[in-house]
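S.K.: This structure is in structure tokens; I'll ask about it shortly.
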Amino acid sequence: MQLKVKEELFDEPTCEHNMQKKEKKACKTAVPGSSTGGCALDGAYIVLSPIRDALHVVHGPINCLGNSYNQRTSKSKGSETFYMYGMTSSINENDLIFGSEDKLKKGIIYAVNKFNPKGVFIYNTCVPALTGEDIGGVARDLTEKLNIPVVPVQSQGFSGGKNLGNKIAGDALFEYVIGKKEPNIDILTDYNINLIGEYNIKGELFLIKKALSDNGINLLSNITGNATMEEIMYSHKAGLNVVVCSKALVYLARKMEEKYGIPFIEESFFGLSSTNNAMMHIAESFKDAKLIEKVKKNIESKTKIIRKEIEPYKKFLTGKRVLLYTGGVKSWSLISALNDLGMKVIATGVKKSTEEDKNRIKEFDANGNIIMLDNGNPVNLIKMIKDEQADILLAGGRNQYTAIKSLIPFLDVNQERINSYTSYEGIVHLGRQIYLELNSPVYEVIRKAN
Amino acid sequence: MENLKNIEINPLKTSSSLGAVIVFLGIKNAVVLMHGSQGCASFDKVTLTKHYRENIPVYTTALNELGAILGGSSYLKAGVKNIADKINPAFIGITSTGLSEVNGEDIHATFNELKKELKESGDYDNLSLAYVSTPDYDGNFEEGYKNAILSLLQTFCIDAQNNIRNISDYKNNDKNKDNGAKEDIKNIRANVFCPFSFTAMDFLELRDLLEDFGITPVMIPDLGTSMDGHLDENGYLQTTSGGTNIEDLKKAGLNNLNIIIGSSLKSLIAPVKKITGLNTYYFSNVSGLKNTDLFFKFLEEISLRKTPERYKRQKRQLMDAYLDTHFYFLGKNIAIAEGIDILDSFSEVLNEVGANIKIGVTTSKAYENLKNRFEILTEGDIDLFGELIESDGNEIDLVISNSNAGYTAEKIGVPILKAGFPLIDRIGHNFKHYILYKGSANLVYEAANLLMSANEKIMKEEE
């Protein structure tokens, strides 16, 4: 019975947050009666489901997939794409009595015969984990029988939250997918990198990929937005792992460093300065004077172009006050983007941030004025916005209605965001979107009528 | 068909706990607590937030592996107390989940214990609770919805009935009994049970209609005033901002009659009648000309009033809508993938206007009474739905389903009328109205427009 999640997943040596706590499982508990984020299944599904030529099968009752099917905003291009598909064994009362491993197997065989995918991910959930179903065994049998990788993901929700699920997904990739294939020589260049934790929300990957290729850097594998099984299988051939906006997947980068000797850096592509820094750090990692020179030049010309493009928005936005409430890495990476636009961040949410994240917030906070907001419950958020006279709230979808019902302008910067905000083009989108929202007449019209 | 493949591919079905959550969202000043892993609540909350575009007050007991194995009663108790202390709602609706049910724990016993503890503490006198068992591996959305309604009646109506009947204060205030039939008729109060397939606007229109006949409705649940999308006077709220009053629920047995609408609620007839002790009237749907006529006839009879002029006009408008649009439905094949209530009510209307109702895919086997209306009718998922649409000879012209079928319809290249739940890629569906005379006209106009556009597209391609 696979009830326990690997202890190792709770113990991330590169995570200062984790090392400072005596209780290492601190990251995973939620209090009864809270309005929490997702469970481990949610986290694992976010990481793995963008792999577009694999099937993703949730082994559990209908709610685990059925109640939320069709909601991911990860974009995908290419002929072999099952990214809009969701599958589940939908176990019922009979299955609980008689067991459902056989049903799961038959279901997967049916789907593989129908769709001919390059791999299958089986996600375990609470109920079959409790009744002791062995999805590892099912995966082993099917791998042999179907001749494609069938990967068990031990993502039962009671093990912990989204963050843990991210790690469980990383672990599944590391154990069952990465290093299982060698790439064709002709797709390798002198500078091969992987991105880890980039899910191609609203097509952001395509923007980052463009910026990389402008600098002559080859994106070998993207883990996992718009990825194919094959590209992840040969990702061990990269010279550098770039972890994007994901503390949880540092685990995967560290494991790849240990096994394949691939160094890793953590970067953000939010904002002009962050994107420039990321490009520079990538170039420096290859210790190649020619590449560094090229990137420097590119950055110079790109910066000029983008500065000119954001100028009209910046004029209006300079001095405007933002409250930023988002998770982990974005708590600092977006500050950089907002600074580029001349805006003043008055507070940033740090509930899900690590000590390292907090240090980086300080780096962007020349005067030490940014409030680190630990308690982001809606009432507290509204109070802070009013007390600090913020002009706009930038946050995730769950706070959208908190803001607009209180007649506070709002922009979604999490996975529901309407535009892509990363890389060079992204900062222009971000400036334009904030500018437009702040100029919407709707709040004033309602205030007068209210 | 679906039994042979052993897997749901692009599911149409949602679970019983989600159905129960929605009922509780139709209670005033409420929050919902799901007893399970944090994911159970989170998935539902995200879907509901996207569907309604409102803050959805759904919380979790956050069962972890210890609670799942050793028992979750302390999680449930702590969850309720934390919410009561933090948010202070009038009502907390509690659902179980697959996880909290699978080890066979007696959650109902915990619930009763908790109620006793709260009562003894004296600190929670303004808080009402209800619990419904919704193991996600058993049944579907409609069953959760139905069972939550029953739990509300069982929790509030039965106790209260005994109390109030003894004191008889309510009846005295109402002065109904002694003043003869005429007074009675002026003060008709009806408990009204509507299916979840009703949009918020359907709920509101039905309420207006009943009031126009002099009937005061107690809607159980009332998703019209709670989920219609309105800016509350107080701005942002941590609870629901409209919905059924618990006090009205307690007095449900003192009203005059029950009206139950919707195929999925048919099995409520007997228990609702028993609990309330009232005459109970059931309508499988109130859509289309024939069925809406029947419903108005019923309203005239129980209220002893004539149908108001505006509804007579709406009836004439629907007749005209049928005549005007029927050309676009001639020889057209419709495929519907929805829960049982929309399957029933939409096919009723489209059948009257002359479309071929070709394919129906639904979420349970409870469709026997609809068999004659469809050429193919089965339980299944969106993948099966897509296969049927593409099958030779079916030549589907219009698909009706929720957002989950959007991708399939687009890939096949057939127009889709998006209705039902969830609708996450549409906005304003709380304002759509698909029942009674006016709503039926809305439906045929919307469907005819889609067919018209598709037709124009084909003509252009052929040029």
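Within each chain, counting starts at residue 1; across the structure tokens, chains are named A, B, ... in the order shown, with ligands numbered 1 upward in that order.
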Skipping near chain neighbours, those fewer than 2 positions away, what residues fall within 8 Å of range 66-78 of chain A using only C-alpha atoms, listed as a PyMOL selection string?
M.R.: (chain A and resi 46+50+52+62-64+80-81+83-86+88+199-203+225-226+415-416) or (chain B and resi 10-15+18+43-44+46-47+404)
S.K.: Could you pull out the helix (DSSP H, G or I) residues of range 79-299 of chain B from DSSP and send them as an MDAnalysis selection string?
M.R.: chainID B and resid 79:87 98:102 107:121 141:167 169:174 177:186 200:212 223:227 246:250 252:254 263:276 288:299
S.K.: Using only C-alpha atoms, which residue out of B:Leu150, B:Leu423, B:Leu114, B:Ala335 lies closest to chain A?
M.R.: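 Of all the options, B:Leu423 lies closest to chain A.
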S.K.: Pick out the chain B residues within 7 Å of chain A. Count only C-alpha atoms. Give them as a VMD selection string.
M.R.: chain B and resid 5 to 11 13 to 15 37 to 39 42 to 44 47 54 to 55 58 to 65 75 78 to 80 82 to 83 98 to 99 102 136 to 138 231 235 to 236 404
S.K.: If DSSP is run on the backbone, what residues of range 18-220 of chain A are strand (DSSP E)? A reply as a ChimeraX atom specification would be ideal.
M.R.: /A:54-59,87-88,119-124,150-153,192-198,218-220
S.K.: Write a file of the selected residues as a PDB file, in the first residue's frame, keeping N, CA and C atoms.
M.R.:
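Output file result_34.pdb is given in full below:
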```
ATOM      1  N   ALA A  54       0.933  12.602 -24.070  1.00  0.00           N
ATOM      2  CA  ALA A  54       0.659  11.528 -23.108  1.00  0.00           C
ATOM      3  C   ALA A  54      -0.800  11.611 -22.678  1.00  0.00           C
ATOM      4  N   LEU A  55      -1.310  10.475 -22.175  1.00  0.00           N
ATOM      5  CA  LEU A  55      -2.647  10.486 -21.594  1.00  0.00           C
ATOM      6  C   LEU A  55      -2.518  10.637 -20.085  1.00  0.00           C
ATOM      7  N   HIS A  56      -3.438  11.357 -19.495  1.00  0.00           N
ATOM      8  CA  HIS A  56      -3.397  11.614 -18.055  1.00  0.00           C
ATOM      9  C   HIS A  56      -4.651  11.023 -17.416  1.00  0.00           C
ATOM     10  N   VAL A  57      -4.451   9.973 -16.641  1.00  0.00           N
ATOM     11  CA  VAL A  57      -5.584   9.209 -16.113  1.00  0.00           C
ATOM     12  C   VAL A  57      -5.625   9.334 -14.590  1.00  0.00           C
ATOM     13  N   VAL A  58      -6.686   9.910 -14.076  1.00  0.00           N
ATOM     14  CA  VAL A  58      -6.849  10.065 -12.630  1.00  0.00           C
ATOM     15  C   VAL A  58      -7.593   8.852 -12.092  1.00  0.00           C
ATOM     16  N   HIS A  59      -6.926   8.106 -11.206  1.00  0.00           N
ATOM     17  CA  HIS A  59      -7.541   6.907 -10.641  1.00  0.00           C
ATOM     18  C   HIS A  59      -8.258   7.281  -9.347  1.00  0.00           C
ATOM     19  N   MET A  87      -8.965  12.130 -18.234  1.00  0.00           N
ATOM     20  CA  MET A  87      -9.500  10.767 -18.115  1.00  0.00           C
ATOM     21  C   MET A  87      -9.511  10.323 -16.664  1.00  0.00           C
ATOM     22  N   THR A  88     -10.501   9.494 -16.341  1.00  0.00           N
ATOM     23  CA  THR A  88     -10.551   8.983 -14.970  1.00  0.00           C
ATOM     24  C   THR A  88     -11.189   7.602 -14.937  1.00  0.00           C
ATOM     25  N   GLY A 119       2.835   8.042 -24.004  1.00  0.00           N
ATOM     26  CA  GLY A 119       3.026   7.676 -22.607  1.00  0.00           C
ATOM     27  C   GLY A 119       1.725   7.862 -21.850  1.00  0.00           C
ATOM     28  N   VAL A 120       1.703   7.330 -20.616  1.00  0.00           N
ATOM     29  CA  VAL A 120       0.506   7.473 -19.781  1.00  0.00           C
ATOM     30  C   VAL A 120       0.949   7.847 -18.374  1.00  0.00           C
ATOM     31  N   PHE A 121       0.261   8.797 -17.772  1.00  0.00           N
ATOM     32  CA  PHE A 121       0.474   9.090 -16.357  1.00  0.00           C
ATOM     33  C   PHE A 121      -0.761   8.648 -15.583  1.00  0.00           C
ATOM     34  N   ILE A 122      -0.547   7.852 -14.531  1.00  0.00           N
ATOM     35  CA  ILE A 122      -1.658   7.436 -13.668  1.00  0.00           C
ATOM     36  C   ILE A 122      -1.539   8.195 -12.351  1.00  0.00           C
ATOM     37  N   TYR A 123      -2.558   8.966 -12.023  1.00  0.00           N
ATOM     38  CA  TYR A 123      -2.525   9.751 -10.786  1.00  0.00           C
ATOM     39  C   TYR A 123      -3.325   9.038  -9.717  1.00  0.00           C
ATOM     40  N   ASN A 124      -2.674   8.712  -8.594  1.00  0.00           N
ATOM     41  CA  ASN A 124      -3.408   8.093  -7.506  1.00  0.00           C
ATOM     42  C   ASN A 124      -4.156   9.162  -6.710  1.00  0.00           C
ATOM     43  N   VAL A 150       4.505   4.016 -18.761  1.00  0.00           N
ATOM     44  CA  VAL A 150       3.293   4.246 -17.970  1.00  0.00           C
ATOM     45  C   VAL A 150       3.766   4.601 -16.558  1.00  0.00           C
ATOM     46  N   VAL A 151       3.500   5.826 -16.160  1.00  0.00           N
ATOM     47  CA  VAL A 151       4.141   6.397 -14.981  1.00  0.00           C
ATOM     48  C   VAL A 151       3.148   6.510 -13.824  1.00  0.00           C
ATOM     49  N   PRO A 152       3.439   5.857 -12.680  1.00  0.00           N
ATOM     50  CA  PRO A 152       2.562   6.041 -11.517  1.00  0.00           C
ATOM     51  C   PRO A 152       2.912   7.334 -10.787  1.00  0.00           C
ATOM     52  N   VAL A 153       1.903   8.104 -10.438  1.00  0.00           N
ATOM     53  CA  VAL A 153       2.129   9.354  -9.709  1.00  0.00           C
ATOM     54  C   VAL A 153       1.377   9.250  -8.391  1.00  0.00           C
ATOM     55  N   ASN A 192      22.661  24.266 -24.839  1.00  0.00           N
ATOM     56  CA  ASN A 192      21.365  23.613 -24.664  1.00  0.00           C
ATOM     57  C   ASN A 192      20.873  23.799 -23.231  1.00  0.00           C
ATOM     58  N   ILE A 193      19.659  24.290 -23.110  1.00  0.00           N
ATOM     59  CA  ILE A 193      19.113  24.418 -21.755  1.00  0.00           C
ATOM     60  C   ILE A 193      17.722  23.765 -21.672  1.00  0.00           C
ATOM     61  N   ASN A 194      17.335  23.451 -20.425  1.00  0.00           N
ATOM     62  CA  ASN A 194      15.937  23.082 -20.157  1.00  0.00           C
ATOM     63  C   ASN A 194      15.316  24.185 -19.318  1.00  0.00           C
ATOM     64  N   LEU A 195      14.045  24.431 -19.545  1.00  0.00           N
ATOM     65  CA  LEU A 195      13.294  25.242 -18.597  1.00  0.00           C
ATOM     66  C   LEU A 195      12.511  24.282 -17.717  1.00  0.00           C
ATOM     67  N   ILE A 196      12.516  24.524 -16.407  1.00  0.00           N
ATOM     68  CA  ILE A 196      11.734  23.682 -15.499  1.00  0.00           C
ATOM     69  C   ILE A 196      10.698  24.560 -14.806  1.00  0.00           C
ATOM     70  N   GLY A 197       9.434  24.166 -14.880  1.00  0.00           N
ATOM     71  CA  GLY A 197       8.376  24.925 -14.203  1.00  0.00           C
ATOM     72  C   GLY A 197       7.731  25.988 -15.076  1.00  0.00           C
ATOM     73  N   GLU A 198       7.908  25.857 -16.379  1.00  0.00           N
ATOM     74  CA  GLU A 198       7.256  26.783 -17.316  1.00  0.00           C
ATOM     75  C   GLU A 198       6.113  26.010 -17.993  1.00  0.00           C
ATOM     76  N   ASN A 218      19.597  27.299 -27.203  1.00  0.00           N
ATOM     77  CA  ASN A 218      18.700  26.243 -27.656  1.00  0.00           C
ATOM     78  C   ASN A 218      17.874  25.705 -26.488  1.00  0.00           C
ATOM     79  N   LEU A 219      16.574  25.841 -26.575  1.00  0.00           N
ATOM     80  CA  LEU A 219      15.711  25.242 -25.562  1.00  0.00           C
ATOM     81  C   LEU A 219      15.519  23.772 -25.923  1.00  0.00           C
ATOM     82  N   LEU A 220      16.258  22.918 -25.240  1.00  0.00           N
ATOM     83  CA  LEU A 220      16.222  21.489 -25.566  1.00  0.00           C
ATOM     84  C   LEU A 220      14.894  20.885 -25.109  1.00  0.00           C
TER      85      LEU A 220
END
```
S.K.: Using only C-alpha atoms, which protein or nucleic acid residues come within 8 Å of range 239-251 of chain B? Drop anything in the same chain fewer than 3 positions from it, and give the result as a ChimeraX atom specification.
M.R.: /B:25-31,56-57,87,89,91,128,152-153,156-161,164,218-227,232,254-255
S.K.: Compile the contact shell of Met201 in chain B as a PyMOL selection string: residues with an atom at most 7 Å away, counting only C-alpha atoms, same-chain residues fewer than 2 positions apart removed.
M.R.: chain B and resi 199+203-205+224+228+430-433
S.K.: Using C-alpha atoms, can you write the selected residues to a file as an mmCIF file, in the first residue's frame?
M.R.:
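Contents of part-v7.cif, freshly written:
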```
data_model
loop_
_atom_site.group_PDB
_atom_site.id
_atom_site.type_symbol
_atom_site.label_atom_id
_atom_site.label_comp_id
_atom_site.auth_asym_id
_atom_site.auth_seq_id
_atom_site.Cartn_x
_atom_site.Cartn_y
_atom_site.Cartn_z
ATOM 1 C CA THR B 199 -30.480 29.443 -14.247
ATOM 2 C CA PHE B 203 -35.464 31.014 -10.428
ATOM 3 C CA LEU B 204 -36.224 34.737 -10.346
ATOM 4 C CA GLU B 205 -38.790 34.597 -13.165
ATOM 5 C CA GLY B 224 -32.064 32.988 -7.787
ATOM 6 C CA ASP B 228 -27.784 35.777 -9.742
ATOM 7 C CA ASN B 430 -27.016 33.677 -14.868
ATOM 8 C CA PHE B 431 -29.130 36.024 -17.031
ATOM 9 C CA LYS B 432 -30.132 33.378 -19.535
ATOM 10 C CA HIS B 433 -33.728 32.248 -19.161
#
```
S.K.: Taking only C-alpha atoms into account, which of A:Glu425, A:Gly328, A:Lys290, A:Cys245 comes nearest Thr303 in chain A?
M.R.: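 Going through A:Glu425, A:Gly328, A:Lys290, A:Cys245 one by one, the smallest distance to Thr303 in chain A is for A:Glu425.
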S.K.: Excluding range 371-374 of chain A and its own-chain neighbours fewer than 2 positions away, which residues fall within 7 Å of it when counting only C-alpha atoms? Please give them as a list in words.
M.R.: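 Counting only the stated atoms, we get Ile346, Ala347, Thr348, Gly349, Val350, Lys351, Asn369 and Gly376 of chain A.
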S.K.: Save the residues we just selected, N, CA and C atoms, as a PDB file, in the first residue's frame?
M.R.:
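Wrote it out as out31.pdb, contents follow:
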```
ATOM      1  N   ILE A 346       3.377  48.608  -2.729  1.00  0.00           N
ATOM      2  CA  ILE A 346       3.298  48.969  -1.317  1.00  0.00           C
ATOM      3  C   ILE A 346       3.318  47.747  -0.411  1.00  0.00           C
ATOM      4  N   ALA A 347       2.856  46.611  -0.949  1.00  0.00           N
ATOM      5  CA  ALA A 347       2.901  45.391  -0.152  1.00  0.00           C
ATOM      6  C   ALA A 347       2.920  44.198  -1.089  1.00  0.00           C
ATOM      7  N   THR A 348       3.494  43.111  -0.604  1.00  0.00           N
ATOM      8  CA  THR A 348       3.506  41.890  -1.401  1.00  0.00           C
ATOM      9  C   THR A 348       3.208  40.710  -0.488  1.00  0.00           C
ATOM     10  N   GLY A 349       2.447  39.772  -1.002  1.00  0.00           N
ATOM     11  CA  GLY A 349       2.083  38.602  -0.204  1.00  0.00           C
ATOM     12  C   GLY A 349       3.262  37.657  -0.068  1.00  0.00           C
ATOM     13  N   VAL A 350       3.523  37.204   1.152  1.00  0.00           N
ATOM     14  CA  VAL A 350       4.667  36.307   1.339  1.00  0.00           C
ATOM     15  C   VAL A 350       4.256  34.991   2.001  1.00  0.00           C
ATOM     16  N   LYS A 351       2.951  34.720   1.972  1.00  0.00           N
ATOM     17  CA  LYS A 351       2.466  33.521   2.661  1.00  0.00           C
ATOM     18  C   LYS A 351       3.145  32.268   2.116  1.00  0.00           C
ATOM     19  N   ASN A 369      10.431  49.883   2.057  1.00  0.00           N
ATOM     20  CA  ASN A 369       9.061  50.286   2.340  1.00  0.00           C
ATOM     21  C   ASN A 369       8.011  49.223   2.079  1.00  0.00           C
ATOM     22  N   GLY A 376      -3.305  36.938   4.060  1.00  0.00           N
ATOM     23  CA  GLY A 376      -3.997  37.469   2.890  1.00  0.00           C
ATOM     24  C   GLY A 376      -5.467  37.129   2.868  1.00  0.00           C
TER      25      GLY A 376
END
```
S.K.: Excluding same-chain residues fewer than 4 positions from Phe174 in chain A, what lies within 8 Å of it counting only C-alpha atoms, as a list in words?
M.R.: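 Listing them by chain and then by number gives Gly170, Ile178, Leu252, Lys255 and Met256 of chain A.
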S.K.: Grab the CA of Tyr424 in chain A to CA of Asn215 in chain A distance for me, in Å with one decimal place.
M.R.: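 That distance, rounded to one decimal, is 13.0 Å.
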S.K.: Please identify all polymer residues within 9 Å of range 192-196 of chain B, counting only C-alpha atoms, omitting same-chain residues fewer than 3 positions from it, and present them as an MDAnalysis selection string.
M.R.: chainID B and resid 19 22:23 142 145:146 149 199 203 217:223 257:265 341 420:421
